[in-house]
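Each remark here refers to the structure printed beneath this line.
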Amino acid sequence: MIPLSWYLIVAALLFCIGGYGVFARRNAVAILMGVELMLNAVNINLVAFWRYSVLLNPNPNMPFFTITSGWAWAIFVLTVAAAEAAVGLALIISVYRRRNSVIAEELDLLKN
Amino acid sequence: MTGEQFVFLAVSGLTIVAGILVVTLRNLFHAALAMMLSFLGVAGIYITLGAGFLAAAQLLIYIGAISILIIFAIMLTRRMMQAQDTPFNSQAGAGLLTAVLSFILLVFVITRLWRNEIFDSPPEVPTAIMNQIVVQLGADFVSPDAYVIPFIVASMLLLAALIGAVYVAWPQVEDEA
Amino acid sequence: MQIDPIELLVRALDLTILAYLREQFAEQPTALLIVNIVIVLTLATVPLLMVFVVGWTERKVLARMQDRIGPNRVGGRYGVLQMVADVVKMMTKEVIIPAGADRWAYLSAPVLAVMTSVLLFAVLPLAPAVIGVDLNVAVFYVLAISSVSVVAILLAGWGSNNKYALLGAFRSVAQLVSYEVPMILSILVPILLARSMSTIGLVEAQNIPFIVFVPVAALIFFVSSLAETGRSPFDLLEAESEIVAGFHTEYTGMYFGLFMAGEYIAIMFMCALFSTAFLGGYRFFGLEELTTTIMGYPFFVGNLIGAAALFIKSAIIFFVFMWLRGTLPRFRIDQLLNFNWKFMVPLSLVLLFTVAVLDKLIFVWFPDISDGGRALIHLASNFLIAAATIEILRRRIQRQRRALEPAVVAEATPDLEHAHAH
């Protein structure tokens, strides 16, 4: 039997790895990949909580929780991730065209 | 160790190891491949949780679309990749410290502060309910009592992202001069 | 656990052996695991072996279309063992890894290509009880797995360290990702009509094959499956005259063979999926439900008829694939993408919307309509959509021609005057 905390720890670890990628990488595409990992960690949490609480729903005190809550929100996270990747990569390509660089530190137009 | 636990450890090990490779590999193309592996591991985690539909969605959206998009971006901005001396910026040490500390904090919260007997093992869910969930999900997405507003907002977001991405990446003549 | 050898033999003959073994070992987890592994290996091997048959058939039929004889040396007059000889040749060839290649990416690409094709067969129903696994989201699974096959192409293109391979990979990915959209939209139409995403549910809903309901959706699905498998006229993936051999330019020996095998397996599956979604799959005028008895055990002879029906339907579709390959010239990449985004996607969106609204309205207005009536209404709406599409296309082309006309007239007139002057 797998306790819920195992899933939560895996998700936390993945979230922190993704966060490290966002903090430490120089390349904008790599930063985006870190963000994707973090979103995945969130999704693991959502689905794990759904699995361990599916029979507690529907709960009259929380009318917004149905047996599909975890899935629905996981799919919304997927949607947001897709939109974010599309816009983020379009920005990166646009920046690359203008500045010939995708290193986040070198994009300092606003500095001076 | 039961079979379930073994499978869980295998897929989450894959997810974590591939995740570490994503943030450490020097070659960005390899990092993107590792990211695909990590997504595959997450799909496996969904299957251990009984969410096969989400696992398929993970494959379709994350591996089939987002990863491909990222690899395209890497290839299109390729010249910069090889000139790079180090993949990490000056705050890498601080970033590592933050990540480790927040992980310790999260583990502390999960295992010590926040603990409940009912979450020690997954509840036995009747197969009929499990099979009903995809159907229920479709109904809930368009039901005013459930998720119709988030659903419409999500579709607007996708449309906005589509138009925005095309607009932002559109080559502008005056820039090239 | 006692297994009666005669019953096992009967189950093997009528193809229900998978379900039978699973039932027998349901109580023993370890044995069940082994049985499942054996089932998976069998299901994965059969399509790989079918490649021999399909490859030989295609070469023979294409040769006949081009007024040649085709393979005729190995294995008798008809060259039936030609593919075996080819595989032996490929196996004995050296595997060359180009200098500067990305070793891991280069070597894992062909494996991934075969894997994604073989995995599809898990949800293909040969008969009601003869299926790898009856997922309730089988069609979604198929779409998910086939979207992963793009990764193999990218890996091959990048890993080869060859500009033709990379260009080929870029093209292929653009093509595959684009044509996935009309494919998904058009396969949603039978899903809507059947109210089920499982492949068995799709087949069971087709008292009248869905191609009668929605021929336009079937056509869109057929064209996009041609593009998805990289068949002519969409064979830009390996346009020899332009980009050497596309993403697998650098591959030799059996690694190249794996790409070919993956391609053929995907084609076989697409034909079978078309039959399942639009032609009624294993159904054949109710004959697929026949049962008799052999030595005291029930013998589902219908399963064999069902499998044969599916095979024949798929073979007809595959023949059309070959026929098109022998007939049509290749698209240009810009024509290909324009055709997809400006024609296929809008048309399939309109079609999906029409079918969704119409099917709902039919059941609101005529709650107890027969399948035939429902089919007729959908067929009529499909004809309307097709007619409207053709009319729009006609006007568009007329406008283009009119825009060209002054130039044409100006070009043609001096010649005429010249001629008159003489």
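Quick note on naming: the chains in the structure tokens go A, B, ... in the order shown, residues restart at 1 in each chain, and ligands are numbered from 1 in order of appearance.
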Margin query: Residues of chain A were defined as contacting chain B if any atom lay at most 6 Å from it, counting only C-alpha atoms; please report them as number ranges by chain.
Written below: A: 1-4, 16, 20-21, 23-26, 52, 68, 83, 87, 90, 94
May I have the residues from that selection written out with N, CA, C and O atoms, as a JSON list (two decimals), in the first residue's frame?
[["chain", "number", "residue", "atom", "x", "y", "z"],
["A", 1, "MET", "N", 0.84, -1.20, 0.00],
["A", 1, "MET", "CA", 0.00, 0.00, 0.00],
["A", 1, "MET", "C", 0.88, 1.25, 0.00],
["A", 1, "MET", "O", 1.84, 1.35, 0.75],
["A", 2, "ILE", "N", 0.54, 2.16, -0.85],
["A", 2, "ILE", "CA", 1.34, 3.39, -0.97],
["A", 2, "ILE", "C", 0.60, 4.51, -0.24],
["A", 2, "ILE", "O", -0.51, 4.85, -0.62],
["A", 3, "PRO", "N", 1.22, 5.08, 0.79],
["A", 3, "PRO", "CA", 0.57, 6.23, 1.43],
["A", 3, "PRO", "C", 0.62, 7.47, 0.54],
["A", 3, "PRO", "O", 1.49, 7.59, -0.34],
["A", 4, "LEU", "N", -0.32, 8.36, 0.76],
["A", 4, "LEU", "CA", -0.39, 9.57, -0.06],
["A", 4, "LEU", "C", 0.90, 10.38, 0.02],
["A", 4, "LEU", "O", 1.33, 10.99, -0.96],
["A", 16, "CYS", "N", 10.85, 21.11, -6.67],
["A", 16, "CYS", "CA", 12.08, 21.81, -6.29],
["A", 16, "CYS", "C", 13.13, 21.69, -7.38],
["A", 16, "CYS", "O", 13.89, 22.63, -7.62],
["A", 20, "TYR", "N", 14.79, 24.79, -9.18],
["A", 20, "TYR", "CA", 16.24, 24.99, -9.32],
["A", 20, "TYR", "C", 16.58, 25.33, -10.76],
["A", 20, "TYR", "O", 17.39, 26.22, -11.02],
["A", 21, "GLY", "N", 15.93, 24.60, -11.70],
["A", 21, "GLY", "CA", 16.17, 24.89, -13.11],
["A", 21, "GLY", "C", 15.83, 26.33, -13.45],
["A", 21, "GLY", "O", 16.55, 27.01, -14.17],
["A", 23, "PHE", "N", 15.75, 28.90, -11.35],
["A", 23, "PHE", "CA", 16.69, 29.83, -10.69],
["A", 23, "PHE", "C", 18.04, 29.86, -11.40],
["A", 23, "PHE", "O", 18.63, 30.92, -11.58],
["A", 24, "ALA", "N", 18.54, 28.66, -11.76],
["A", 24, "ALA", "CA", 19.97, 28.56, -12.04],
["A", 24, "ALA", "C", 20.34, 28.56, -13.51],
["A", 24, "ALA", "O", 21.48, 28.86, -13.84],
["A", 25, "ARG", "N", 19.40, 28.21, -14.43],
["A", 25, "ARG", "CA", 19.83, 28.10, -15.82],
["A", 25, "ARG", "C", 19.93, 29.47, -16.47],
["A", 25, "ARG", "O", 19.20, 30.40, -16.10],
["A", 26, "ARG", "N", 20.82, 29.58, -17.45],
["A", 26, "ARG", "CA", 20.98, 30.85, -18.13],
["A", 26, "ARG", "C", 20.10, 30.94, -19.36],
["A", 26, "ARG", "O", 19.66, 32.01, -19.74],
["A", 52, "TYR", "N", -7.03, 9.77, -3.46],
["A", 52, "TYR", "CA", -7.20, 9.40, -2.05],
["A", 52, "TYR", "C", -8.45, 10.00, -1.44],
["A", 52, "TYR", "O", -8.78, 9.72, -0.29],
["A", 68, "THR", "N", -14.89, 14.30, -10.01],
["A", 68, "THR", "CA", -13.94, 14.58, -11.10],
["A", 68, "THR", "C", -13.03, 15.77, -10.81],
["A", 68, "THR", "O", -12.27, 16.18, -11.69],
["A", 83, "ALA", "N", -0.59, 26.64, -23.28],
["A", 83, "ALA", "CA", -0.63, 28.05, -23.68],
["A", 83, "ALA", "C", 0.67, 28.74, -23.31],
["A", 83, "ALA", "O", 1.24, 29.50, -24.12],
["A", 87, "VAL", "N", 3.26, 30.61, -25.96],
["A", 87, "VAL", "CA", 3.59, 32.04, -25.91],
["A", 87, "VAL", "C", 5.05, 32.22, -25.51],
["A", 87, "VAL", "O", 5.77, 33.04, -26.09],
["A", 90, "ALA", "N", 7.27, 31.55, -28.43],
["A", 90, "ALA", "CA", 7.16, 32.62, -29.42],
["A", 90, "ALA", "C", 7.97, 33.83, -28.98],
["A", 90, "ALA", "O", 8.70, 34.44, -29.78],
["A", 94, "SER", "N", 11.18, 35.42, -30.85],
["A", 94, "SER", "CA", 11.16, 36.84, -31.22],
["A", 94, "SER", "C", 12.37, 37.57, -30.65],
["A", 94, "SER", "O", 13.03, 38.35, -31.35]]
Next item on the list: Give me every alpha helix (DSSP H) residue in stretch 220-387 of chain C, going by DSSP on the backbone, as number ranges by chain.
Entry: C: 220-228, 240-243, 253-278, 301-327, 333-338, 345-365, 371-387
Those residues with C-alpha atoms, as an mmCIF file, in the first residue's frame please?
data_model
loop_
_atom_site.group_PDB
_atom_site.id
_atom_site.type_symbol
_atom_site.label_atom_id
_atom_site.label_comp_id
_atom_site.auth_asym_id
_atom_site.auth_seq_id
_atom_site.Cartn_x
_atom_site.Cartn_y
_atom_site.Cartn_z
ATOM 1 C CA ILE C 220 -10.961 13.504 -44.323
ATOM 2 C CA PHE C 221 -9.776 10.752 -42.002
ATOM 3 C CA PHE C 222 -8.491 8.753 -44.949
ATOM 4 C CA VAL C 223 -6.536 11.669 -46.396
ATOM 5 C CA SER C 224 -5.042 12.637 -43.060
ATOM 6 C CA SER C 225 -4.099 9.046 -42.317
ATOM 7 C CA LEU C 226 -2.277 9.020 -45.659
ATOM 8 C CA ALA C 227 -0.397 12.097 -44.496
ATOM 9 C CA GLU C 228 0.196 10.746 -40.992
ATOM 10 C CA GLU C 240 14.396 11.300 -52.690
ATOM 11 C CA SER C 241 14.760 13.990 -55.302
ATOM 12 C CA GLU C 242 14.848 16.817 -52.761
ATOM 13 C CA ILE C 243 16.295 15.748 -49.437
ATOM 14 C CA GLY C 253 21.273 -2.048 -42.162
ATOM 15 C CA MET C 254 18.618 -3.170 -39.749
ATOM 16 C CA TYR C 255 18.297 0.305 -38.192
ATOM 17 C CA PHE C 256 16.943 1.483 -41.516
ATOM 18 C CA GLY C 257 14.868 -1.705 -41.642
ATOM 19 C CA LEU C 258 13.309 -0.813 -38.293
ATOM 20 C CA PHE C 259 12.124 2.520 -39.698
ATOM 21 C CA MET C 260 10.585 0.701 -42.656
ATOM 22 C CA ALA C 261 8.941 -1.844 -40.382
ATOM 23 C CA GLY C 262 7.560 0.920 -38.157
ATOM 24 C CA GLU C 263 6.138 2.660 -41.201
ATOM 25 C CA TYR C 264 4.435 -0.473 -42.517
ATOM 26 C CA ILE C 265 3.032 -1.328 -39.076
ATOM 27 C CA ALA C 266 1.607 2.192 -38.766
ATOM 28 C CA ILE C 267 0.047 1.841 -42.228
ATOM 29 C CA MET C 268 -1.496 -1.496 -41.283
ATOM 30 C CA PHE C 269 -2.896 0.005 -38.134
ATOM 31 C CA MET C 270 -4.296 3.052 -39.918
ATOM 32 C CA CYS C 271 -6.085 0.789 -42.421
ATOM 33 C CA ALA C 272 -7.457 -1.299 -39.570
ATOM 34 C CA LEU C 273 -8.499 1.808 -37.627
ATOM 35 C CA PHE C 274 -10.303 3.163 -40.677
ATOM 36 C CA SER C 275 -12.133 -0.158 -41.017
ATOM 37 C CA THR C 276 -12.972 -0.128 -37.319
ATOM 38 C CA ALA C 277 -14.200 3.439 -37.183
ATOM 39 C CA PHE C 278 -15.997 3.716 -40.493
ATOM 40 C CA VAL C 301 -16.539 -19.549 -35.333
ATOM 41 C CA GLY C 302 -17.765 -15.951 -35.626
ATOM 42 C CA ASN C 303 -14.449 -14.722 -34.258
ATOM 43 C CA LEU C 304 -12.658 -16.159 -37.265
ATOM 44 C CA ILE C 305 -15.221 -14.608 -39.612
ATOM 45 C CA GLY C 306 -14.865 -11.279 -37.777
ATOM 46 C CA ALA C 307 -11.078 -11.338 -38.031
ATOM 47 C CA ALA C 308 -11.314 -12.234 -41.716
ATOM 48 C CA ALA C 309 -13.822 -9.416 -42.297
ATOM 49 C CA LEU C 310 -11.546 -6.892 -40.610
ATOM 50 C CA PHE C 311 -8.594 -8.205 -42.598
ATOM 51 C CA ILE C 312 -10.410 -7.920 -45.912
ATOM 52 C CA LYS C 313 -11.741 -4.436 -45.160
ATOM 53 C CA SER C 314 -8.258 -3.283 -44.156
ATOM 54 C CA ALA C 315 -6.776 -4.917 -47.245
ATOM 55 C CA ILE C 316 -9.168 -2.958 -49.467
ATOM 56 C CA ILE C 317 -8.111 0.293 -47.772
ATOM 57 C CA PHE C 318 -4.472 -0.716 -48.145
ATOM 58 C CA PHE C 319 -5.060 -1.364 -51.825
ATOM 59 C CA VAL C 320 -6.320 2.208 -52.179
ATOM 60 C CA PHE C 321 -3.160 3.381 -50.398
ATOM 61 C CA MET C 322 -1.030 1.520 -52.960
ATOM 62 C CA TRP C 323 -3.195 2.684 -55.842
ATOM 63 C CA LEU C 324 -2.698 6.322 -54.841
ATOM 64 C CA ARG C 325 1.023 5.724 -54.529
ATOM 65 C CA GLY C 326 1.127 4.369 -58.032
ATOM 66 C CA THR C 327 -0.963 7.233 -59.417
ATOM 67 C CA ILE C 333 5.564 21.338 -48.714
ATOM 68 C CA ASP C 334 3.754 24.699 -48.936
ATOM 69 C CA GLN C 335 0.863 23.144 -50.879
ATOM 70 C CA LEU C 336 0.696 20.409 -48.290
ATOM 71 C CA LEU C 337 0.465 22.791 -45.332
ATOM 72 C CA ASN C 338 -1.929 25.149 -47.119
ATOM 73 C CA VAL C 345 -9.112 21.779 -40.750
ATOM 74 C CA PRO C 346 -11.975 24.207 -41.490
ATOM 75 C CA LEU C 347 -13.942 21.504 -43.268
ATOM 76 C CA SER C 348 -13.538 19.007 -40.455
ATOM 77 C CA LEU C 349 -14.474 21.661 -37.876
ATOM 78 C CA VAL C 350 -17.655 22.489 -39.768
ATOM 79 C CA LEU C 351 -18.414 18.807 -40.136
ATOM 80 C CA LEU C 352 -17.834 18.037 -36.456
ATOM 81 C CA PHE C 353 -20.037 20.931 -35.395
ATOM 82 C CA THR C 354 -22.819 19.937 -37.812
ATOM 83 C CA VAL C 355 -22.803 16.295 -36.771
ATOM 84 C CA ALA C 356 -22.780 17.173 -33.059
ATOM 85 C CA VAL C 357 -25.737 19.559 -33.323
ATOM 86 C CA LEU C 358 -27.655 17.446 -35.824
ATOM 87 C CA ASP C 359 -27.301 14.204 -33.890
ATOM 88 C CA LYS C 360 -28.563 15.901 -30.758
ATOM 89 C CA LEU C 361 -31.497 17.439 -32.647
ATOM 90 C CA ILE C 362 -32.388 14.122 -34.262
ATOM 91 C CA PHE C 363 -32.811 12.526 -30.876
ATOM 92 C CA VAL C 364 -34.776 15.519 -29.582
ATOM 93 C CA TRP C 365 -37.162 15.594 -32.540
ATOM 94 C CA ASP C 371 -30.636 3.659 -37.518
ATOM 95 C CA GLY C 372 -31.529 3.926 -41.179
ATOM 96 C CA GLY C 373 -33.375 7.221 -40.744
ATOM 97 C CA ARG C 374 -30.558 8.638 -38.675
ATOM 98 C CA ALA C 375 -28.090 7.576 -41.337
ATOM 99 C CA LEU C 376 -30.183 9.222 -44.047
ATOM 100 C CA ILE C 377 -30.366 12.558 -42.227
ATOM 101 C CA HIS C 378 -26.611 12.566 -41.586
ATOM 102 C CA LEU C 379 -25.945 11.541 -45.166
ATOM 103 C CA ALA C 380 -28.076 14.408 -46.449
ATOM 104 C CA SER C 381 -26.251 16.923 -44.270
ATOM 105 C CA ASN C 382 -22.943 15.507 -45.470
ATOM 106 C CA PHE C 383 -24.001 15.944 -49.073
ATOM 107 C CA LEU C 384 -24.989 19.530 -48.351
ATOM 108 C CA ILE C 385 -21.605 20.218 -46.756
ATOM 109 C CA ALA C 386 -19.794 18.580 -49.666
ATOM 110 C CA ALA C 387 -21.811 20.565 -52.206
#
Checklist line | Between atom CA of B:Ile152 and atom CA of C:Pro182, distance in Å (one decimal) | finding: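 Computing the Euclidean distance for atom CA of B:Ile152 and atom CA of C:Pro182 yields 22.3 Å.
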Notebook entry, point to check: Any idea which chain B residues end up within 8 Å of chain C if we count only C-alpha atoms, as a PyMOL selection string please?
Noted result: chain B and resi 53+56-57+59-60+63-65+68+131
Check: Can you list every residue in stretch 5-90 of chain A that DSSP puts in strand (DSSP E or B), as a list of chain:residue names?
Finding: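 Of stretch 5-90 of chain A, the ones in strand (DSSP E or B) are A:Arg25, A:Asn27, A:Asn59, A:Met62.
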Checklist line | Between atom CA of C:Tyr164 and atom CA of C:Leu107 - distance in Å to one decimal | finding: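 It comes out at 17.9 Å.
The environment of A:Val42 within 9 Å, counting only C-alpha atoms and disregarding residues fewer than 3 places along the same chain, consists of Ala11, Ala12, Phe15, Leu37, Met38, Leu39, Asn45, Leu46, Val47, Ala74 and Val77 of chain A.
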Item checked: Selection: 10 Å around C:Ile6, only C-alpha atoms, excl. self and same-chain fewer than 4 positions, as a list in words -> Val10, Arg11, Ala12, Ile294, Met295, Gly296 and Tyr297 of chain C
Could you write those residues out with N, CA and C atoms, as a CSV table (one decimal), in the first residue's frame?
chain,number,residue,atom,x,y,z
C,10,VAL,N,-9.0,-25.6,-28.5
C,10,VAL,CA,-10.2,-25.0,-29.1
C,10,VAL,C,-10.2,-23.5,-29.0
C,11,ARG,N,-9.8,-23.0,-27.8
C,11,ARG,CA,-9.7,-21.6,-27.6
C,11,ARG,C,-8.6,-20.9,-28.5
C,12,ALA,N,-7.6,-21.7,-28.7
C,12,ALA,CA,-6.5,-21.2,-29.6
C,12,ALA,C,-7.1,-21.0,-31.0
C,294,ILE,N,-17.4,-27.8,-30.6
C,294,ILE,CA,-16.4,-28.8,-31.0
C,294,ILE,C,-16.0,-29.6,-29.8
C,295,MET,N,-16.2,-30.9,-29.8
C,295,MET,CA,-15.9,-31.8,-28.7
C,295,MET,C,-16.4,-31.3,-27.4
C,296,GLY,N,-17.6,-30.8,-27.4
C,296,GLY,CA,-18.2,-30.4,-26.2
C,296,GLY,C,-17.9,-29.0,-25.7
C,297,TYR,N,-17.0,-28.4,-26.4
C,297,TYR,CA,-16.6,-27.0,-26.0
C,297,TYR,C,-17.3,-26.0,-27.0
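From atom CA of C:Phe52 back to atom CA of C:Glu94, the distance works out to 21.9 Å.
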Next item on the list: Just the residues within 10 Å of C:Gly100, please, counting only C-alpha atoms, with nothing from its chain fewer than 3 positions along; format it as a PyMOL selection string.
Entry: chain C and resi 97+103+159-162
